[in-house]
Amino acid sequence: MSVVATAAGPRRLWRTFGVGLGAAIVGTAAFCALFAPWLVPHDPFAQDLGKRLLVPFWMDGSDPQHLLGTDQLGRDYLSRLIWGCRISMLIGVTVSTLSGIIGISLGVLGGFFGGRTDDAVLFAITTRLSIPVVLVALAVVGLLGSSMTLLVLTLGLLLWDRFAVVARATTMQVRHLDFVAAAWCAGCSRFRILAREVLPNIASHLVVVATLEIALAILLEAALSFLGLGVPPPLPSWGLMIAEARDYMFFSPWVIVIPGVALFVLVLGINLLGDGLRDLFGARSDA
């Protein structure tokens, strides 16, 4: 017993540390995204070719007015990094919301009604899983042009399958519980049962899926922007910043390292927070 408790202690401590770290990273990113217009020290779009490729503060010859240096067009890198956080968080949350609306609606309807409705939902999920997300996104954006609205719509219409699978499975478990039967006996409508009884009891599982989908959407946006088919310039998307820095990575490596590290840290923080929420809700359901 003491050995199990001793082994569980470090795991619990690590989980607590991971959740705290993830919450701190996501909270900081959310703060930067919300208050970016007031946090940026310079105009992230202003160019000054006389100050191009200034080094960051930890290197010799840095400019104290540009803590993270400047890019190839003389734009302040710290300002563009903060504004890029705003764009990445906006895309991640918007895509997750759109895909969540689609996936949760389909999953709940299929899991609650069953029969032919469930067969149609399963067919839609299977069809979606057979579609390569990156290739379709590349084709759509390449044919219709790059814009933030088109990017959000494309990713939102392609990333709903996890929401649908989780919502369907949890709804099938909940629909047979006593409180749902009591609502039926009380004469509640189907819509009321779904809105007041089913959705609140599966929301904890969907929150975990939402955090993972936000991280996936941010990575896909960065990949598409890196290929030149994501957020159009001069918007400072982190993927676009990495793409623009490719030609200078051997001479001024910080221009590609800084947005790359920022992207890695943000996705890591979201995943840590999602894992912590999964453990938390799993422990509650076991209890």
# chains A, B, ... in the order shown; residues from 1 in each chain; ligands from 1
>>> residues_around(residues="stretch 122-126 of chain A", least_positions_apart="4", cutoff="8 Å", atoms="only C-alpha atoms", output="JSON list (two decimals) with C-alpha atoms, in the first residue's frame")
[["chain", "number", "residue", "atom", "x", "y", "z"],
["A", 110, "GLY", "CA", -26.99, 10.12, -33.62],
["A", 118, "ASP", "CA", -27.26, 7.11, -36.08],
["A", 130, "SER", "CA", -11.52, 9.25, -45.32],
["A", 161, "ASP", "CA", -15.07, 14.32, -36.46],
["A", 164, "ALA", "CA", -18.93, 13.87, -33.26],
["A", 165, "VAL", "CA", -17.34, 10.61, -32.08]]
>>> select_by_dssp(residues="stretch 12-260 of chain A", states="alpha helix (DSSP H)", output="PyMOL selection string")
chain A and resi 12-34+36-39+77-113+115-129+133-144+148-156+161-174+178-185+190-193+199-226+238-244+254-260
>>> closest_atom_pairs(of="stretch 74-113 of chain A", to="stretch 194-208 of chain A", cutoff="10 Å", atoms="only C-alpha atoms", output="CSV")
residue,atom,partner,partner_atom,distance
A:Gly100,CA,A:Leu206,CA,8.4
A:Ile104,CA,A:Leu206,CA,8.2
A:Val108,CA,A:Leu194,CA,8.0
A:Leu109,CA,A:Leu194,CA,8.8
A:Phe112,CA,A:Leu194,CA,8.3
>>> write_last_selection(atoms="N, CA, C and O atoms", output="tab-separated table (two decimals), in the first residue's frame")
chain	number	residue	atom	x	y	z
A	100	GLY	N	-16.92	22.32	-33.40
A	100	GLY	CA	-17.66	21.80	-32.26
A	100	GLY	C	-19.16	21.86	-32.48
A	100	GLY	O	-19.89	20.91	-32.14
A	104	ILE	N	-20.72	18.24	-32.47
A	104	ILE	CA	-21.57	17.95	-31.31
A	104	ILE	C	-23.02	17.76	-31.74
A	104	ILE	O	-23.72	16.87	-31.24
A	108	VAL	N	-24.62	14.15	-30.95
A	108	VAL	CA	-25.73	14.07	-29.99
A	108	VAL	C	-26.98	13.51	-30.66
A	108	VAL	O	-27.69	12.66	-30.09
A	109	LEU	N	-27.29	13.97	-31.87
A	109	LEU	CA	-28.47	13.45	-32.57
A	109	LEU	C	-28.34	11.96	-32.86
A	109	LEU	O	-29.28	11.19	-32.65
A	112	PHE	N	-28.47	9.95	-29.48
A	112	PHE	CA	-29.73	10.01	-28.75
A	112	PHE	C	-30.86	9.28	-29.47
A	112	PHE	O	-31.62	8.53	-28.86
>>> closest_atom_pairs(of="stretch 68-150 of chain A", to="stretch 35-47 of chain A", cutoff="7 Å", atoms="only C-alpha atoms", output="Markdown table")
| residue | atom | partner | partner_atom | distance |
| --- | --- | --- | --- | --- |
| A:Leu73 | CA | A:Gln47 | CA | 5.6 |
| A:Gly74 | CA | A:Gln47 | CA | 5.2 |
| A:Arg75 | CA | A:Gln47 | CA | 5.0 |
| A:Asp76 | CA | A:Pro44 | CA | 6.1 |
| A:Ser79 | CA | A:Val40 | CA | 4.7 |
| A:Arg80 | CA | A:Pro44 | CA | 4.9 |
| A:Ile82 | CA | A:Ala36 | CA | 6.2 |
| A:Trp83 | CA | A:Ala36 | CA | 5.9 |
| A:Arg86 | CA | A:Ala36 | CA | 6.7 |
>>> residues_around(residues="A:Leu54", least_positions_apart="3", cutoff="12 Å", atoms="only C-alpha atoms", output="PDB file with C-alpha atoms, in the first residue's frame")
ATOM      1  CA  ASP A  48      12.085  50.452 -41.363  1.00  0.00           C
ATOM      2  CA  LEU A  49      14.703  49.092 -43.751  1.00  0.00           C
ATOM      3  CA  GLY A  50      17.393  50.995 -41.893  1.00  0.00           C
ATOM      4  CA  LYS A  51      16.842  48.711 -38.884  1.00  0.00           C
ATOM      5  CA  PHE A  57      18.555  41.510 -26.485  1.00  0.00           C
ATOM      6  CA  TRP A  58      20.722  38.499 -25.538  1.00  0.00           C
ATOM      7  CA  MET A  59      23.145  39.140 -28.425  1.00  0.00           C
ATOM      8  CA  ASP A  60      25.789  41.817 -28.809  1.00  0.00           C
ATOM      9  CA  GLY A  61      24.745  44.893 -30.754  1.00  0.00           C
ATOM     10  CA  SER A  62      21.072  44.748 -29.830  1.00  0.00           C
ATOM     11  CA  ASP A  63      18.779  47.775 -29.766  1.00  0.00           C
ATOM     12  CA  PRO A  64      16.950  48.294 -26.428  1.00  0.00           C
ATOM     13  CA  GLN A  65      13.933  49.604 -28.340  1.00  0.00           C
ATOM     14  CA  HIS A  66      13.570  46.224 -30.086  1.00  0.00           C
ATOM     15  CA  LEU A  67      13.959  43.523 -27.429  1.00  0.00           C
ATOM     16  CA  LEU A  68      13.543  40.616 -29.856  1.00  0.00           C
ATOM     17  CA  GLY A  69      15.169  42.399 -32.775  1.00  0.00           C
ATOM     18  CA  THR A  70      13.587  43.055 -36.146  1.00  0.00           C
ATOM     19  CA  ASP A  71      12.796  41.015 -39.233  1.00  0.00           C
ATOM     20  CA  GLN A  72      14.032  41.365 -42.805  1.00  0.00           C
ATOM     21  CA  LEU A  73      11.823  44.435 -43.348  1.00  0.00           C
ATOM     22  CA  GLY A  74      12.747  46.172 -40.117  1.00  0.00           C
ATOM     23  CA  ARG A  75       9.483  45.344 -38.330  1.00  0.00           C
ATOM     24  CA  ASP A  76       9.650  44.906 -34.557  1.00  0.00           C
ATOM     25  CA  TYR A  77       9.703  41.175 -33.842  1.00  0.00           C
ATOM     26  CA  LEU A  78       8.229  41.344 -30.349  1.00  0.00           C
ATOM     27  CA  PHE A 251      22.602  34.168 -41.058  1.00  0.00           C
ATOM     28  CA  SER A 252      19.999  35.408 -38.542  1.00  0.00           C
ATOM     29  CA  PRO A 253      18.655  32.229 -36.914  1.00  0.00           C
ATOM     30  CA  TRP A 254      16.578  34.033 -34.292  1.00  0.00           C
ATOM     31  CA  VAL A 255      14.037  35.103 -36.923  1.00  0.00           C
TER      32      VAL A 255
END
>>> residues_around(residues="A:Thr154", least_positions_apart="4", cutoff="9 Å", atoms="only C-alpha atoms", output="number ranges by chain")
A: 95, 136-137, 140-141, 149-150, 158-159
>>> write_last_selection(atoms="C-alpha atoms", output="PDB file, in the first residue's frame")
ATOM      1  CA  VAL A  95     -12.145  26.784 -35.764  1.00  0.00           C
ATOM      2  CA  VAL A 136      -8.247  19.333 -49.024  1.00  0.00           C
ATOM      3  CA  ALA A 137      -7.307  22.535 -47.178  1.00  0.00           C
ATOM      4  CA  VAL A 140      -9.473  24.823 -51.317  1.00  0.00           C
ATOM      5  CA  VAL A 141      -7.190  27.659 -50.277  1.00  0.00           C
ATOM      6  CA  THR A 149     -12.155  33.771 -43.197  1.00  0.00           C
ATOM      7  CA  LEU A 150     -11.691  31.068 -45.827  1.00  0.00           C
ATOM      8  CA  LEU A 158     -12.902  19.499 -41.721  1.00  0.00           C
ATOM      9  CA  LEU A 159     -12.139  19.070 -38.010  1.00  0.00           C
TER      10      LEU A 159
END
>>> closest_residue(among="A:Leu157, A:Leu81, A:Met241, A:Ala182", to="A:Ser225", atoms="only C-alpha atoms")
A:Met241
>>> residues_around(residues="A:Ala183", least_positions_apart="5", cutoff="10 Å", atoms="only C-alpha atoms", output="number ranges by chain")
A: 178, 188-190, 192-193, 196-197
>>> write_last_selection(atoms="all heavy atoms", output="short mmCIF file (atom, residue, chain, number, x, y, z; two decimals), in the first residue's frame")
data_model
loop_
_atom_site.label_atom_id
_atom_site.label_comp_id
_atom_site.auth_asym_id
_atom_site.auth_seq_id
_atom_site.Cartn_x
_atom_site.Cartn_y
_atom_site.Cartn_z
N ASP A 178 -31.09 7.41 -15.28
CA ASP A 178 -32.39 7.63 -14.63
C ASP A 178 -32.92 9.04 -14.83
O ASP A 178 -34.13 9.24 -15.00
CB ASP A 178 -32.26 7.34 -13.13
CG ASP A 178 -31.99 5.87 -12.85
OD1 ASP A 178 -32.29 5.05 -13.74
OD2 ASP A 178 -31.46 5.55 -11.76
N CYS A 188 -41.20 16.09 -20.79
CA CYS A 188 -40.32 17.06 -21.43
C CYS A 188 -40.16 16.72 -22.92
O CYS A 188 -40.16 15.55 -23.31
CB CYS A 188 -38.96 17.07 -20.75
SG CYS A 188 -39.00 17.62 -19.02
N SER A 189 -39.98 17.74 -23.71
CA SER A 189 -39.76 17.54 -25.14
C SER A 189 -38.36 17.02 -25.40
O SER A 189 -37.47 17.10 -24.54
CB SER A 189 -39.99 18.85 -25.89
OG SER A 189 -39.02 19.82 -25.49
N ARG A 190 -38.15 16.50 -26.61
CA ARG A 190 -36.82 16.01 -26.97
C ARG A 190 -35.78 17.12 -26.92
O ARG A 190 -34.66 16.90 -26.44
CB ARG A 190 -36.86 15.39 -28.38
CG ARG A 190 -37.63 14.09 -28.49
CD ARG A 190 -37.47 13.50 -29.88
NE ARG A 190 -38.12 12.21 -30.01
CZ ARG A 190 -39.37 12.04 -30.40
NH1 ARG A 190 -40.11 13.10 -30.72
NH2 ARG A 190 -39.90 10.83 -30.49
N ARG A 192 -35.78 19.80 -25.06
CA ARG A 192 -35.49 20.15 -23.68
C ARG A 192 -34.59 19.10 -23.02
O ARG A 192 -33.68 19.43 -22.27
CB ARG A 192 -36.79 20.30 -22.89
CG ARG A 192 -36.58 20.73 -21.44
CD ARG A 192 -37.90 20.90 -20.73
NE ARG A 192 -37.69 21.23 -19.32
CZ ARG A 192 -37.49 22.47 -18.87
NH1 ARG A 192 -37.50 23.48 -19.72
NH2 ARG A 192 -37.32 22.69 -17.58
N ILE A 193 -34.86 17.85 -23.32
CA ILE A 193 -34.03 16.78 -22.75
C ILE A 193 -32.59 16.89 -23.25
O ILE A 193 -31.63 16.75 -22.49
CB ILE A 193 -34.63 15.41 -23.08
CG1 ILE A 193 -35.96 15.22 -22.34
CG2 ILE A 193 -33.66 14.29 -22.70
CD1 ILE A 193 -36.69 13.96 -22.73
N ARG A 196 -31.16 20.34 -21.67
CA ARG A 196 -31.08 20.48 -20.21
C ARG A 196 -30.54 19.25 -19.50
O ARG A 196 -30.05 19.36 -18.37
CB ARG A 196 -32.48 20.80 -19.67
CG ARG A 196 -33.10 22.08 -20.21
CD ARG A 196 -32.35 23.30 -19.74
NE ARG A 196 -32.44 23.43 -18.30
CZ ARG A 196 -33.44 24.06 -17.66
NH1 ARG A 196 -34.42 24.61 -18.37
NH2 ARG A 196 -33.44 24.14 -16.36
N GLU A 197 -30.62 18.10 -20.12
CA GLU A 197 -30.20 16.87 -19.45
C GLU A 197 -28.96 16.23 -20.07
O GLU A 197 -28.03 15.85 -19.37
CB GLU A 197 -31.35 15.85 -19.46
CG GLU A 197 -32.66 16.36 -18.89
CD GLU A 197 -32.56 16.68 -17.41
OE1 GLU A 197 -31.65 16.18 -16.74
OE2 GLU A 197 -33.41 17.46 -16.91
#
>>> residues_around(residues="A:Gly114", least_positions_apart="6", cutoff="10 Å", atoms="only C-alpha atoms", output="PyMOL selection string")
chain A and resi 108+120-121+168+172
>>> closest_residue(among="A:Gly115, A:Gly230, A:Gly107, A:Gly92", to="A:Ser147", atoms="only C-alpha atoms")
A:Gly230
>>> closest_residue(among="A:Ser88, A:Ala222, A:Thr94, A:Phe17", to="A:Cys32", atoms="only C-alpha atoms")
A:Ser88
>>> decode(residues="stretch 248-271 of chain A", atoms="N, CA, C and O atoms", output="short mmCIF file (atom, residue, chain, number, x, y, z; two decimals), in the first residue's frame")
data_model
loop_
_atom_site.label_atom_id
_atom_site.label_comp_id
_atom_site.auth_asym_id
_atom_site.auth_seq_id
_atom_site.Cartn_x
_atom_site.Cartn_y
_atom_site.Cartn_z
N TYR A 248 16.76 33.50 -44.21
CA TYR A 248 17.71 34.15 -43.30
C TYR A 248 18.08 33.25 -42.12
O TYR A 248 18.77 33.70 -41.20
N MET A 249 17.64 32.00 -42.12
CA MET A 249 17.82 31.15 -40.95
C MET A 249 19.29 30.83 -40.67
O MET A 249 19.65 30.58 -39.52
N PHE A 250 20.15 30.85 -41.68
CA PHE A 250 21.56 30.53 -41.46
C PHE A 250 22.37 31.76 -41.06
O PHE A 250 23.43 31.63 -40.44
N PHE A 251 21.88 32.94 -41.37
CA PHE A 251 22.60 34.17 -41.06
C PHE A 251 22.01 34.88 -39.85
O PHE A 251 22.74 35.50 -39.06
N SER A 252 20.70 34.81 -39.68
CA SER A 252 20.00 35.41 -38.54
C SER A 252 19.02 34.37 -37.99
O SER A 252 17.80 34.46 -38.22
N PRO A 253 19.52 33.37 -37.29
CA PRO A 253 18.65 32.23 -36.91
C PRO A 253 17.52 32.59 -35.98
O PRO A 253 16.53 31.86 -35.90
N TRP A 254 17.63 33.72 -35.24
CA TRP A 254 16.58 34.03 -34.29
C TRP A 254 15.24 34.33 -34.98
O TRP A 254 14.18 34.16 -34.39
N VAL A 255 15.28 34.76 -36.26
CA VAL A 255 14.04 35.10 -36.92
C VAL A 255 13.17 33.88 -37.17
O VAL A 255 11.95 34.00 -37.36
N ILE A 256 13.76 32.70 -37.17
CA ILE A 256 12.97 31.47 -37.33
C ILE A 256 12.83 30.73 -36.00
O ILE A 256 11.84 30.01 -35.78
N VAL A 257 13.78 30.91 -35.10
CA VAL A 257 13.73 30.22 -33.80
C VAL A 257 12.65 30.81 -32.91
O VAL A 257 11.89 30.08 -32.25
N ILE A 258 12.52 32.14 -32.88
CA ILE A 258 11.58 32.79 -31.97
C ILE A 258 10.13 32.39 -32.25
O ILE A 258 9.43 31.92 -31.35
N PRO A 259 9.62 32.53 -33.47
CA PRO A 259 8.23 32.09 -33.69
C PRO A 259 8.06 30.57 -33.59
O PRO A 259 7.00 30.10 -33.18
N GLY A 260 9.12 29.82 -33.94
CA GLY A 260 9.03 28.37 -33.80
C GLY A 260 8.90 27.94 -32.36
O GLY A 260 8.08 27.08 -32.02
N VAL A 261 9.70 28.54 -31.48
CA VAL A 261 9.61 28.23 -30.05
C VAL A 261 8.27 28.68 -29.48
O VAL A 261 7.65 27.99 -28.67
N ALA A 262 7.80 29.85 -29.90
CA ALA A 262 6.50 30.34 -29.42
C ALA A 262 5.38 29.39 -29.82
O ALA A 262 4.49 29.08 -29.01
N LEU A 263 5.40 28.89 -31.05
CA LEU A 263 4.39 27.94 -31.51
C LEU A 263 4.47 26.64 -30.71
O LEU A 263 3.44 26.09 -30.29
N PHE A 264 5.68 26.15 -30.48
CA PHE A 264 5.87 24.93 -29.71
C PHE A 264 5.35 25.08 -28.28
O PHE A 264 4.64 24.21 -27.76
N VAL A 265 5.68 26.18 -27.64
CA VAL A 265 5.28 26.40 -26.25
C VAL A 265 3.76 26.51 -26.14
O VAL A 265 3.14 25.95 -25.23
N LEU A 266 3.13 27.22 -27.06
CA LEU A 266 1.68 27.38 -27.01
C LEU A 266 0.96 26.05 -27.19
O LEU A 266 0.05 25.72 -26.42
N VAL A 267 1.37 25.27 -28.18
CA VAL A 267 0.73 23.98 -28.41
C VAL A 267 1.00 23.04 -27.24
O VAL A 267 0.10 22.29 -26.80
N LEU A 268 2.21 23.08 -26.69
CA LEU A 268 2.52 22.26 -25.51
C LEU A 268 1.62 22.64 -24.34
O LEU A 268 1.09 21.77 -23.63
N GLY A 269 1.45 23.94 -24.11
CA GLY A 269 0.61 24.39 -23.01
C GLY A 269 -0.84 23.95 -23.18
O GLY A 269 -1.48 23.51 -22.21
N ILE A 270 -1.37 24.04 -24.39
CA ILE A 270 -2.75 23.61 -24.63
C ILE A 270 -2.89 22.11 -24.41
O ILE A 270 -3.87 21.64 -23.81
N ASN A 271 -1.92 21.33 -24.87
CA ASN A 271 -1.99 19.88 -24.66
C ASN A 271 -1.86 19.51 -23.19
O ASN A 271 -2.55 18.59 -22.71
#
